[in-house]
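**Student:** Below is query.cif; it holds mmCIF, C-alpha atoms and all ligand atoms.
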```
data_upload
loop_
_atom_site.group_PDB
_atom_site.id
_atom_site.type_symbol
_atom_site.label_atom_id
_atom_site.label_comp_id
_atom_site.auth_asym_id
_atom_site.auth_seq_id
_atom_site.Cartn_x
_atom_site.Cartn_y
_atom_site.Cartn_z
ATOM 1 C CA MET A 1 35.181 113.345 41.382
ATOM 2 C CA ALA A 2 38.002 112.267 39.132
ATOM 3 C CA VAL A 3 39.851 115.581 39.152
ATOM 4 C CA SER A 4 41.013 117.831 41.945
ATOM 5 C CA PRO A 5 39.584 121.343 41.457
ATOM 6 C CA ASP A 6 42.937 122.662 42.693
ATOM 7 C CA VAL A 7 44.589 121.899 39.361
ATOM 8 C CA LEU A 8 42.000 123.879 37.378
ATOM 9 C CA PRO A 9 42.416 127.499 36.213
ATOM 10 C CA LEU A 10 39.703 128.670 38.580
ATOM 11 C CA GLU A 11 40.214 132.392 38.028
ATOM 12 C CA GLU A 12 39.908 131.937 34.273
ATOM 13 C CA LEU A 13 36.753 129.831 34.682
ATOM 14 C CA GLU A 14 35.192 132.408 36.974
ATOM 15 C CA ARG A 15 36.069 135.258 34.610
ATOM 16 C CA LEU A 16 34.611 133.363 31.656
ATOM 17 C CA ALA A 17 31.419 132.568 33.578
ATOM 18 C CA VAL A 18 30.963 136.258 34.410
ATOM 19 C CA GLU A 19 31.709 137.366 30.848
ATOM 20 C CA VAL A 20 29.257 135.024 29.130
ATOM 21 C CA ALA A 21 26.533 135.480 31.743
ATOM 22 C CA LEU A 22 26.777 139.274 31.355
ATOM 23 C CA GLU A 23 26.587 138.993 27.580
ATOM 24 C CA ALA A 24 23.537 136.733 27.783
ATOM 25 C CA GLY A 25 21.957 139.112 30.316
ATOM 26 C CA ARG A 26 22.331 141.980 27.850
ATOM 27 C CA LEU A 27 20.877 139.846 25.062
ATOM 28 C CA ILE A 28 17.717 138.911 26.928
ATOM 29 C CA ILE A 29 17.025 142.535 27.808
ATOM 30 C CA ASP A 30 18.108 144.285 24.584
ATOM 31 C CA GLU A 31 16.671 141.784 22.124
ATOM 32 C CA ARG A 32 13.500 140.792 23.916
ATOM 33 C CA PRO A 33 10.860 140.865 21.174
ATOM 34 C CA ALA A 34 7.783 143.020 21.630
ATOM 35 C CA GLY A 35 4.871 140.803 22.645
ATOM 36 C CA LEU A 36 7.145 137.963 23.768
ATOM 37 C CA GLY A 37 5.138 134.765 24.114
ATOM 38 C CA VAL A 38 5.627 131.126 24.986
ATOM 39 C CA ALA A 39 7.647 129.202 22.381
ATOM 40 C CA HIS A 40 6.835 125.806 23.884
ATOM 41 C CA THR A 41 6.220 124.097 27.216
ATOM 42 C CA LYS A 42 8.098 121.298 28.990
ATOM 43 C CA SER A 43 7.021 119.324 32.089
ATOM 44 C CA SER A 44 3.567 120.944 32.265
ATOM 45 C CA ALA A 45 1.520 123.675 30.564
ATOM 46 C CA THR A 46 2.973 126.228 33.022
ATOM 47 C CA ASP A 47 6.626 125.188 32.479
ATOM 48 C CA VAL A 48 7.335 127.660 29.710
ATOM 49 C CA VAL A 49 10.209 128.333 27.341
ATOM 50 C CA THR A 50 10.541 131.571 25.368
ATOM 51 C CA VAL A 51 12.611 132.118 22.241
ATOM 52 C CA MET A 52 15.014 134.101 24.403
ATOM 53 C CA ASP A 53 15.768 131.119 26.672
ATOM 54 C CA GLN A 54 17.050 129.178 23.666
ATOM 55 C CA ARG A 55 18.798 132.178 22.098
ATOM 56 C CA ALA A 56 20.594 132.995 25.362
ATOM 57 C CA GLN A 57 21.664 129.389 25.824
ATOM 58 C CA ASP A 58 22.925 129.174 22.229
ATOM 59 C CA LEU A 59 24.949 132.353 22.752
ATOM 60 C CA ILE A 60 26.488 131.056 25.990
ATOM 61 C CA ARG A 61 27.237 127.666 24.502
ATOM 62 C CA GLY A 62 28.885 129.205 21.446
ATOM 63 C CA ARG A 63 31.085 131.521 23.511
ATOM 64 C CA LEU A 64 32.140 128.754 25.896
ATOM 65 C CA SER A 65 32.984 126.298 23.143
ATOM 66 C CA LEU A 66 35.152 128.908 21.425
ATOM 67 C CA ALA A 67 36.993 129.709 24.657
ATOM 68 C CA ARG A 68 37.301 126.118 25.937
ATOM 69 C CA PRO A 69 36.493 123.645 23.134
ATOM 70 C CA GLY A 70 37.006 120.453 25.164
ATOM 71 C CA ASP A 71 34.577 121.285 27.948
ATOM 72 C CA GLY A 72 31.166 119.671 28.220
ATOM 73 C CA PHE A 73 27.871 121.556 28.224
ATOM 74 C CA TYR A 74 24.705 120.797 30.181
ATOM 75 C CA GLY A 75 21.985 123.433 29.932
ATOM 76 C CA GLU A 76 18.304 123.778 30.649
ATOM 77 C CA GLU A 77 17.361 124.154 27.001
ATOM 78 C CA GLU A 78 18.091 122.021 23.954
ATOM 79 C CA GLY A 79 21.671 121.091 23.065
ATOM 80 C CA GLY A 80 24.371 119.562 25.236
ATOM 81 C CA SER A 81 27.704 117.799 24.879
ATOM 82 C CA GLU A 82 29.890 115.464 26.885
ATOM 83 C CA ALA A 83 33.177 116.775 28.243
ATOM 84 C CA ALA A 84 36.534 115.808 26.776
ATOM 85 C CA SER A 85 38.163 117.885 29.557
ATOM 86 C CA GLU A 86 37.465 117.750 33.301
ATOM 87 C CA VAL A 87 35.010 120.670 33.133
ATOM 88 C CA THR A 88 31.323 120.736 32.235
ATOM 89 C CA TRP A 89 29.423 124.012 32.020
ATOM 90 C CA VAL A 90 26.037 123.851 33.710
ATOM 91 C CA VAL A 91 23.859 126.685 32.477
ATOM 92 C CA ASP A 92 20.430 128.150 33.024
ATOM 93 C CA PRO A 93 20.079 130.872 30.382
ATOM 94 C CA ILE A 94 17.049 132.384 32.154
ATOM 95 C CA ASP A 95 16.319 131.200 35.683
ATOM 96 C CA GLY A 96 12.922 132.648 36.486
ATOM 97 C CA THR A 97 11.481 132.369 32.996
ATOM 98 C CA VAL A 98 7.935 133.000 34.218
ATOM 99 C CA ASN A 99 9.069 136.296 35.788
ATOM 100 C CA TYR A 100 10.830 137.166 32.536
ATOM 101 C CA LEU A 101 7.695 136.391 30.547
ATOM 102 C CA TYR A 102 5.597 138.616 32.811
ATOM 103 C CA THR A 103 8.291 141.362 32.981
ATOM 104 C CA ILE A 104 8.728 140.865 36.721
ATOM 105 C CA PRO A 105 12.346 141.965 37.328
ATOM 106 C CA ALA A 106 13.538 138.850 39.183
ATOM 107 C CA TYR A 107 15.319 136.484 36.840
ATOM 108 C CA ALA A 108 18.935 135.587 36.249
ATOM 109 C CA VAL A 109 21.480 134.029 33.959
ATOM 110 C CA SER A 110 23.357 131.246 35.731
ATOM 111 C CA VAL A 111 26.651 129.826 34.447
ATOM 112 C CA ALA A 112 28.759 127.315 36.401
ATOM 113 C CA ALA A 113 31.891 125.309 35.699
ATOM 114 C CA VAL A 114 31.574 121.953 37.439
ATOM 115 C CA VAL A 115 33.717 118.865 37.796
ATOM 116 C CA GLY A 116 32.223 115.386 37.822
ATOM 117 C CA ASN A 117 28.960 114.262 36.275
ATOM 118 C CA PRO A 118 26.227 116.895 36.769
ATOM 119 C CA ARG A 119 23.541 114.355 35.845
ATOM 120 C CA VAL A 120 24.217 112.312 39.008
ATOM 121 C CA PRO A 121 23.544 113.866 42.457
ATOM 122 C CA GLY A 122 26.614 113.798 44.684
ATOM 123 C CA GLU A 123 28.959 113.135 41.771
ATOM 124 C CA TRP A 124 29.622 116.705 40.773
ATOM 125 C CA GLU A 125 30.764 119.905 42.329
ATOM 126 C CA PRO A 126 30.759 123.526 41.096
ATOM 127 C CA VAL A 127 34.219 125.079 41.040
ATOM 128 C CA ALA A 128 33.482 128.503 39.550
ATOM 129 C CA GLY A 129 30.371 130.365 38.515
ATOM 130 C CA ALA A 130 28.368 133.508 38.033
ATOM 131 C CA VAL A 131 24.752 134.521 38.509
ATOM 132 C CA VAL A 132 23.842 137.721 36.688
ATOM 133 C CA ASP A 133 20.715 139.686 37.564
ATOM 134 C CA PRO A 134 20.462 141.812 34.430
ATOM 135 C CA GLU A 135 17.559 143.958 35.639
ATOM 136 C CA ARG A 136 19.439 145.229 38.675
ATOM 137 C CA GLY A 137 22.871 145.098 37.066
ATOM 138 C CA ARG A 138 24.177 142.759 39.759
ATOM 139 C CA VAL A 139 26.778 140.036 39.295
ATOM 140 C CA PHE A 140 27.267 137.332 41.920
ATOM 141 C CA ARG A 141 30.439 135.347 41.367
ATOM 142 C CA ALA A 142 32.542 132.760 43.133
ATOM 143 C CA ARG A 143 35.320 130.285 42.616
ATOM 144 C CA ARG A 144 36.336 127.510 44.941
ATOM 145 C CA GLY A 145 38.405 128.895 47.799
ATOM 146 C CA GLY A 146 38.119 132.476 46.507
ATOM 147 C CA GLY A 147 35.100 133.725 48.439
ATOM 148 C CA SER A 148 31.942 134.993 46.837
ATOM 149 C CA TRP A 149 31.535 138.486 45.548
ATOM 150 C CA LEU A 150 28.848 140.873 44.411
ATOM 151 C CA GLU A 151 29.507 143.510 41.799
ATOM 152 C CA GLY A 152 26.840 146.138 41.347
ATOM 153 C CA PRO A 153 26.519 149.116 39.076
ATOM 154 C CA GLY A 154 29.153 151.716 39.878
ATOM 155 C CA GLY A 155 30.524 150.132 43.044
ATOM 156 C CA PRO A 156 33.555 148.021 43.907
ATOM 157 C CA ALA A 157 33.079 144.284 44.406
ATOM 158 C CA ALA A 158 31.796 143.442 47.880
ATOM 159 C CA ARG A 159 32.577 140.166 49.613
ATOM 160 C CA LEU A 160 29.429 138.287 50.556
ATOM 161 C CA GLY A 161 28.526 136.617 53.822
ATOM 162 C CA THR A 162 25.320 134.959 54.963
ATOM 163 C CA SER A 163 23.154 136.568 57.653
ATOM 164 C CA GLY A 164 24.649 134.189 60.213
ATOM 165 C CA ALA A 165 21.138 133.651 61.614
ATOM 166 C CA ALA A 166 20.819 130.745 64.022
ATOM 167 C CA ASP A 167 17.257 131.149 65.336
ATOM 168 C CA LEU A 168 14.733 129.421 63.089
ATOM 169 C CA SER A 169 11.785 131.297 64.578
ATOM 170 C CA GLN A 170 13.334 134.583 63.362
ATOM 171 C CA ALA A 171 14.442 133.299 59.946
ATOM 172 C CA LEU A 172 13.154 134.712 56.669
ATOM 173 C CA VAL A 173 13.090 131.700 54.376
ATOM 174 C CA GLY A 174 12.828 131.511 50.597
ATOM 175 C CA THR A 175 11.276 128.640 48.711
ATOM 176 C CA GLY A 176 9.824 127.809 45.315
ATOM 177 C CA PHE A 177 7.349 125.516 43.634
ATOM 178 C CA GLY A 178 7.634 123.151 40.699
ATOM 179 C CA TYR A 179 5.517 123.187 37.582
ATOM 180 C CA GLU A 180 3.666 119.932 38.078
ATOM 181 C CA ALA A 181 0.389 119.932 40.062
ATOM 182 C CA GLY A 182 1.151 116.896 42.259
ATOM 183 C CA THR A 183 4.589 118.243 43.159
ATOM 184 C CA ARG A 184 3.082 121.596 44.091
ATOM 185 C CA LEU A 185 0.486 119.979 46.332
ATOM 186 C CA TRP A 186 3.238 118.062 48.129
ATOM 187 C CA GLN A 187 5.317 121.240 48.422
ATOM 188 C CA THR A 188 2.445 123.175 50.003
ATOM 189 C CA ARG A 189 2.021 120.383 52.552
ATOM 190 C CA VAL A 190 5.692 120.611 53.489
ATOM 191 C CA LEU A 191 5.392 124.384 53.680
ATOM 192 C CA ALA A 192 2.357 124.131 55.963
ATOM 193 C CA GLU A 193 4.573 122.323 58.495
ATOM 194 C CA VAL A 194 7.444 124.788 58.177
ATOM 195 C CA ILE A 195 5.745 128.199 58.099
ATOM 196 C CA PRO A 196 4.450 128.259 61.704
ATOM 197 C CA HIS A 197 8.043 127.902 62.917
ATOM 198 C CA ILE A 198 9.781 130.685 60.966
ATOM 199 C CA ARG A 199 9.552 134.477 60.643
ATOM 200 C CA ASP A 200 7.996 134.290 57.180
ATOM 201 C CA ILE A 201 8.326 132.836 53.724
ATOM 202 C CA ARG A 202 9.305 134.469 50.412
ATOM 203 C CA ARG A 203 8.757 133.120 46.880
ATOM 204 C CA PHE A 204 10.580 135.298 44.365
ATOM 205 C CA GLY A 205 10.559 132.896 41.390
ATOM 206 C CA SER A 206 14.248 132.388 40.645
ATOM 207 C CA ALA A 207 16.082 129.691 42.571
ATOM 208 C CA ALA A 208 19.473 131.073 41.525
ATOM 209 C CA LEU A 209 18.609 134.509 42.931
ATOM 210 C CA ASP A 210 17.068 132.954 46.067
ATOM 211 C CA LEU A 211 20.352 131.190 46.765
ATOM 212 C CA CYS A 212 22.316 134.380 46.102
ATOM 213 C CA HIS A 213 20.034 136.170 48.581
ATOM 214 C CA VAL A 214 21.094 133.604 51.188
ATOM 215 C CA ALA A 215 24.727 134.309 50.303
ATOM 216 C CA GLU A 216 24.262 138.053 50.816
ATOM 217 C CA GLY A 217 22.051 137.680 53.872
ATOM 218 C CA THR A 218 18.890 139.207 52.394
ATOM 219 C CA LEU A 219 17.248 135.835 53.007
ATOM 220 C CA ASP A 220 18.315 133.787 56.013
ATOM 221 C CA ALA A 221 17.690 130.439 54.342
ATOM 222 C CA TYR A 222 16.106 128.661 51.401
ATOM 223 C CA PHE A 223 14.701 125.242 50.597
ATOM 224 C CA GLU A 224 13.068 123.717 47.547
ATOM 225 C CA ARG A 225 12.279 120.363 46.062
ATOM 226 C CA GLY A 226 12.570 119.799 42.328
ATOM 227 C CA LEU A 227 15.590 121.894 41.387
ATOM 228 C CA ASN A 228 17.740 120.883 38.463
ATOM 229 C CA PRO A 229 21.536 121.242 38.479
ATOM 230 C CA TRP A 230 21.340 124.329 36.224
ATOM 231 C CA ASP A 231 19.037 126.129 38.704
ATOM 232 C CA MET A 232 21.534 125.803 41.534
ATOM 233 C CA ALA A 233 25.074 125.013 40.317
ATOM 234 C CA ALA A 234 26.525 128.538 40.238
ATOM 235 C CA ALA A 235 24.483 129.923 43.119
ATOM 236 C CA ALA A 236 25.238 126.973 45.434
ATOM 237 C CA LEU A 237 28.925 127.834 45.128
ATOM 238 C CA VAL A 238 28.116 131.498 45.821
ATOM 239 C CA VAL A 239 26.425 130.340 49.067
ATOM 240 C CA THR A 240 29.164 127.987 50.238
ATOM 241 C CA GLU A 241 31.893 130.519 49.460
ATOM 242 C CA ALA A 242 29.874 133.019 51.530
ATOM 243 C CA GLY A 243 30.111 130.640 54.489
ATOM 244 C CA GLY A 244 26.735 128.949 54.099
ATOM 245 C CA VAL A 245 25.848 125.276 53.864
ATOM 246 C CA VAL A 246 24.052 123.759 50.865
ATOM 247 C CA SER A 247 22.814 120.179 51.023
ATOM 248 C CA GLY A 248 19.903 117.855 50.609
ATOM 249 C CA LEU A 249 17.958 116.549 53.606
ATOM 250 C CA GLY A 250 19.847 114.780 56.388
ATOM 251 C CA GLY A 251 23.269 115.548 54.912
ATOM 252 C CA GLU A 252 22.446 114.089 51.497
ATOM 253 C CA PRO A 253 23.930 115.929 48.535
ATOM 254 C CA PRO A 254 21.682 118.612 47.039
ATOM 255 C CA SER A 255 19.446 117.098 44.362
ATOM 256 C CA SER A 256 15.996 117.334 42.865
ATOM 257 C CA SER A 257 14.716 115.656 46.060
ATOM 258 C CA MET A 258 15.634 118.696 48.152
ATOM 259 C CA VAL A 259 18.005 121.621 48.357
ATOM 260 C CA LEU A 260 18.526 123.393 51.687
ATOM 261 C CA ALA A 261 20.747 126.458 52.022
ATOM 262 C CA ALA A 262 21.418 128.301 55.271
ATOM 263 C CA PRO A 263 24.127 129.654 57.550
ATOM 264 C CA ALA A 264 25.891 126.824 59.413
ATOM 265 C CA GLY A 265 24.092 127.479 62.715
ATOM 266 C CA LEU A 266 20.650 127.517 61.147
ATOM 267 C CA HIS A 267 21.065 124.663 58.685
ATOM 268 C CA PRO A 268 20.431 121.741 61.087
ATOM 269 C CA LEU A 269 17.323 123.462 62.466
ATOM 270 C CA LEU A 270 15.904 124.048 58.997
ATOM 271 C CA ASP A 271 16.838 120.504 58.019
ATOM 272 C CA GLY A 272 14.888 119.098 60.989
ATOM 273 C CA ARG A 273 11.841 121.234 60.297
ATOM 274 C CA VAL A 274 11.747 120.490 56.553
ATOM 275 C CA ALA A 275 12.288 116.776 57.268
ATOM 276 C CA ALA A 276 9.234 116.851 59.561
ATOM 277 C CA GLY A 277 7.299 118.557 56.760
ATOM 278 C CA VAL A 278 8.383 115.926 54.252
ATOM 279 C CA GLN A 279 7.303 113.168 56.626
ATOM 280 C CA ALA A 280 3.888 114.783 57.061
ATOM 281 C CA ALA A 281 3.455 115.378 53.314
ATOM 282 C CA ASP A 282 4.526 111.824 52.468
ATOM 283 C CA ALA A 283 2.114 110.423 55.079
ATOM 284 C CA VAL A 284 -0.811 112.229 53.383
ATOM 285 C CA GLY A 285 0.410 110.821 50.052
ATOM 286 C CA ARG A 286 0.465 107.296 51.493
ATOM 287 C CA LEU A 287 -3.111 107.724 52.703
ATOM 288 C CA GLY A 288 -4.053 108.187 49.066
ATOM 289 C CA ALA A 289 -5.013 111.850 49.241
ATOM 290 C CA GLY A 290 -2.846 112.967 46.335
ATOM 291 C CA ALA A 291 0.765 114.037 45.752
HETATM 292 C C1 LIG A 301 12.513 127.837 38.102
HETATM 293 C C2 LIG A 301 12.774 128.935 39.089
HETATM 294 C C3 LIG A 301 11.784 128.884 40.235
HETATM 295 C C4 LIG A 301 11.800 127.549 40.921
HETATM 296 C C5 LIG A 301 11.561 126.438 39.938
HETATM 297 C C6 LIG A 301 12.581 126.503 38.804
HETATM 298 P P1 LIG A 301 13.169 128.222 35.532
HETATM 299 O O1 LIG A 301 13.491 127.850 37.074
HETATM 300 O O2 LIG A 301 14.065 128.834 39.601
HETATM 301 O O3 LIG A 301 12.060 129.845 41.220
HETATM 302 O O4 LIG A 301 10.807 127.540 41.926
HETATM 303 O O5 LIG A 301 11.718 125.224 40.635
HETATM 304 O O6 LIG A 301 12.311 125.490 37.874
HETATM 305 O O7 LIG A 301 12.192 127.188 35.049
HETATM 306 O O8 LIG A 301 12.568 129.576 35.542
HETATM 307 O O9 LIG A 301 14.477 128.157 34.856
#
```
Mind turning this structure into structure tokens?
**Tutor:**
Amino acid sequence: MAVSPDVLPLEELERLAVEVALEAGRLIIDERPAGLGVAHTKSSATDVVTVMDQRAQDLIRGRLSLARPGDGFYGEEEGGSEAASEVTWVVDPIDGTVNYLYTIPAYAVSVAAVVGNPRVPGEWEPVAGAVVDPERGRVFRARRGGGSWLEGPGGPAARLGTSGAADLSQALVGTGFGYEAGTRLWQTRVLAEVIPHIRDIRRFGSAALDLCHVAEGTLDAYFERGLNPWDMAAAALVVTEAGGVVSGLGGEPPSSSMVLAAPAGLHPLLDGRVAAGVQAADAVGRLGAGA
């Protein structure tokens, strides 16, 4: 990373992330059209985009470029720009779009300020960010070195900490599935190796919220293949500032290959178990049975 995060106005970046994520959260609730449908699809017929995904991203992008014109923008939907400053905003306007479409109240707006190149795994790092859960009125926020915090309706901000779990057999673990059939088959094979060794699995449908659950200890851990930087950038910082560890497998940086998040004592155990699952799933693939 070319720039040290220590020279950045981290408080300002965090405040801006919270402000724009809250505004977008209000937009997607207040202006959701009656009979909302699918505007178009992306990687597969189940990878949906609604008009509100694009509208929320456009709103966030507009607000950020007014406040910090030189910063870059990298979002899930259409429209991006390279950074003239050291900061790029990595944004998922609605993480959990399928939940949003079905009116399941588990989706989030995710806004992160990162340094480095968010398109290259290991070459970027979030320095400030916010994940807003507009249905529950909850704001998860963090900046590098400042801890991670949860603000809820009517209460003071509470500092977050992971569950501290260190026993894999007792761990409640979140995961998710991609939109492409072959990826999903592979993911279920990995899961089949993991699930006998944990307390149970949860699939809520928003990676950003899953990671925030790890930060607040309402999930012990989380893993998923196929995440994009916008799904995880803000929430990964919320986890690490809550004392958790976020990585790929075997100490690799988090990437679309794998993201693992867990308290420090649990992380190596989850890593080992998921790695065994990946080996088993890849072996089936090599035998020509799919994935
Ligand atoms: C998805 C959600 C889901 C995860 C998928 C993501 P999107 O994001 O985070 O929980 O399992 O991998 O793509 O498409 O709703 O922004």
**Student:** Excluding same-chain residues fewer than 3 positions from region 212-224 of chain A, what lies within 6 Å of it counting all atoms listed in the file, as a list in words?
**Tutor:**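 Here the qualifying residues turn out to be Leu160, Gly161, Thr162, Ser163, Ala171, Leu172, Val173, Gly174, Thr175, Gly176, Leu209, Ala235, Val239, Ala242, Met258, Val259, Leu260, Ala261 and Ala262 of chain A.
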**Student:** Return as a PyMOL selection string the residues of protein, DNA or RNA that approach ligand LIG 301 (chain A) to within 7 Å, with all atoms listed in the file taken into account.
**Tutor:** chain A and resi 47+92+94-98+175-178+204-208+226-227+231
**Student:** As a check of understanding, name the residues that the PyMOL selection byres (((chain A and resi 117) around 10) and not hetatm) selects in the supplied structure, as a list of chain:residue names.
**Tutor:**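 The output of the PyMOL selection byres (((chain A and resi 117) around 10) and not hetatm) on this file is A:Met1, A:Ala2, A:Gly72, A:Tyr74, A:Glu82, A:Ala83, A:Glu86, A:Val87, A:Thr88, A:Val114, A:Val115, A:Gly116, A:Pro118, A:Arg119, A:Val120, A:Pro121, A:Gly122, A:Glu123, A:Trp124, A:Glu125.
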**Student:** Which of these residues is nearest to Pro254 (chain A), using all atoms listed in the file: A:Gly79, A:Pro126, A:Pro93, A:Pro153?
**Tutor:**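 Ranked by minimum distance to Pro254 (chain A), first place goes to A:Pro126.
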**Student:** Which residues, named as in the file, does the PyMOL selection byres (((chain A and resi 186) around 12) and not hetatm) pick out? Answer as a PyMOL selection string.
**Tutor:** chain A and resi 177-185+187-193+224-226+257+277-286+289-291
**Student:** Of the residues A:Tyr100, A:Gly70, A:Arg143, A:Ser85, which is the one nearest to Met52 (chain A), using all atoms listed in the file?
**Tutor:**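 Residue with the minimum atom-to-atom distance to Met52 (chain A): A:Tyr100.
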**Student:** Between CA of Ala130 (chain A) and CA of Pro69 (chain A), measure the distance and give it in Å to one decimal.
**Tutor:**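 For CA of Ala130 (chain A) relative to CA of Pro69 (chain A), the distance reads 19.6 Å.
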**Student:** Between A:Gly35, A:Ile201, A:Pro229, A:Ala165, which residue has the minimum interatomic distance to Pro263 (chain A), considering only C-alpha atoms?
**Tutor:**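 Closest to Pro263 (chain A) of all the choices is A:Ala165.
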**Student:** Let me have the centre and edge lengths of the axis-aligned box enclosing all listed atoms of region 102-117 of chain A with 4 Å padding on every side, in Å to one decimal, as JSON.
**Tutor:**
```
{"center_x": 19.7, "center_y": 128.1, "center_z": 36.0, "size_x": 36.1, "size_y": 35.7, "size_z": 14.4}
```
**Student:** What is the CA of Ala275 (chain A) to CA of Pro253 (chain A) distance in Å?
**Tutor:**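 Computing it gives 14.6 Å between the two atoms.
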**Student:** Which value, in Å to one decimal, gives the distance between CA of Ser169 (chain A) and CA of Ser148 (chain A)?
**Tutor:**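 Between these atoms lies a distance of 27.1 Å.
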**Student:** Excluding same-chain residues fewer than 3 positions from Arg159 (chain A), what lies within 10 Å of it counting only C-alpha atoms, as an NGL selection string?
**Tutor:** :A and (140-142 or 146-151 or 156 or 215-216 or 241-242)
**Student:** Please dump the current selection as a PDB file, keeping the file's coordinate frame; keep C-alpha atoms.
**Tutor:**
```pdb
ATOM      1  CA  PHE A 140      27.267 137.332  41.920  1.00  0.00           C
ATOM      2  CA  ARG A 141      30.439 135.347  41.367  1.00  0.00           C
ATOM      3  CA  ALA A 142      32.542 132.760  43.133  1.00  0.00           C
ATOM      4  CA  GLY A 146      38.119 132.476  46.507  1.00  0.00           C
ATOM      5  CA  GLY A 147      35.100 133.725  48.439  1.00  0.00           C
ATOM      6  CA  SER A 148      31.942 134.993  46.837  1.00  0.00           C
ATOM      7  CA  TRP A 149      31.535 138.486  45.548  1.00  0.00           C
ATOM      8  CA  LEU A 150      28.848 140.873  44.411  1.00  0.00           C
ATOM      9  CA  GLU A 151      29.507 143.510  41.799  1.00  0.00           C
ATOM     10  CA  PRO A 156      33.555 148.021  43.907  1.00  0.00           C
ATOM     11  CA  ALA A 215      24.727 134.309  50.303  1.00  0.00           C
ATOM     12  CA  GLU A 216      24.262 138.053  50.816  1.00  0.00           C
ATOM     13  CA  GLU A 241      31.893 130.519  49.460  1.00  0.00           C
ATOM     14  CA  ALA A 242      29.874 133.019  51.530  1.00  0.00           C
TER      15      ALA A 242
END
```
**Student:** What would the selection look like, as a list in words, if the PyMOL selection byres (((chain A and resi 37) around 8) and not hetatm) were run on the coordinates I just shared?
**Tutor:**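 On this input, the PyMOL selection byres (((chain A and resi 37) around 8) and not hetatm) captures Gly35, Leu36, Val38, Ala39, Thr50 and Leu101 of chain A.
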**Student:** Which of these, A:Leu16, A:Val51, A:Leu237, A:Ala157, has the shortest distance to Leu64 (chain A) once you count only C-alpha atoms?
**Tutor:**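 Among the listed residues, A:Leu16 lies closest to Leu64 (chain A).
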**Student:** Could you name the residues that touch Gly75 (chain A) at 7 Å or less, counting only C-alpha atoms, but leaving out those on the same chain fewer than 4 positions away, as a list of chain:residue names?
**Tutor:**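 The residues satisfying every condition are A:Gly80, A:Val90, A:Val91, A:Asp92, A:Trp230.
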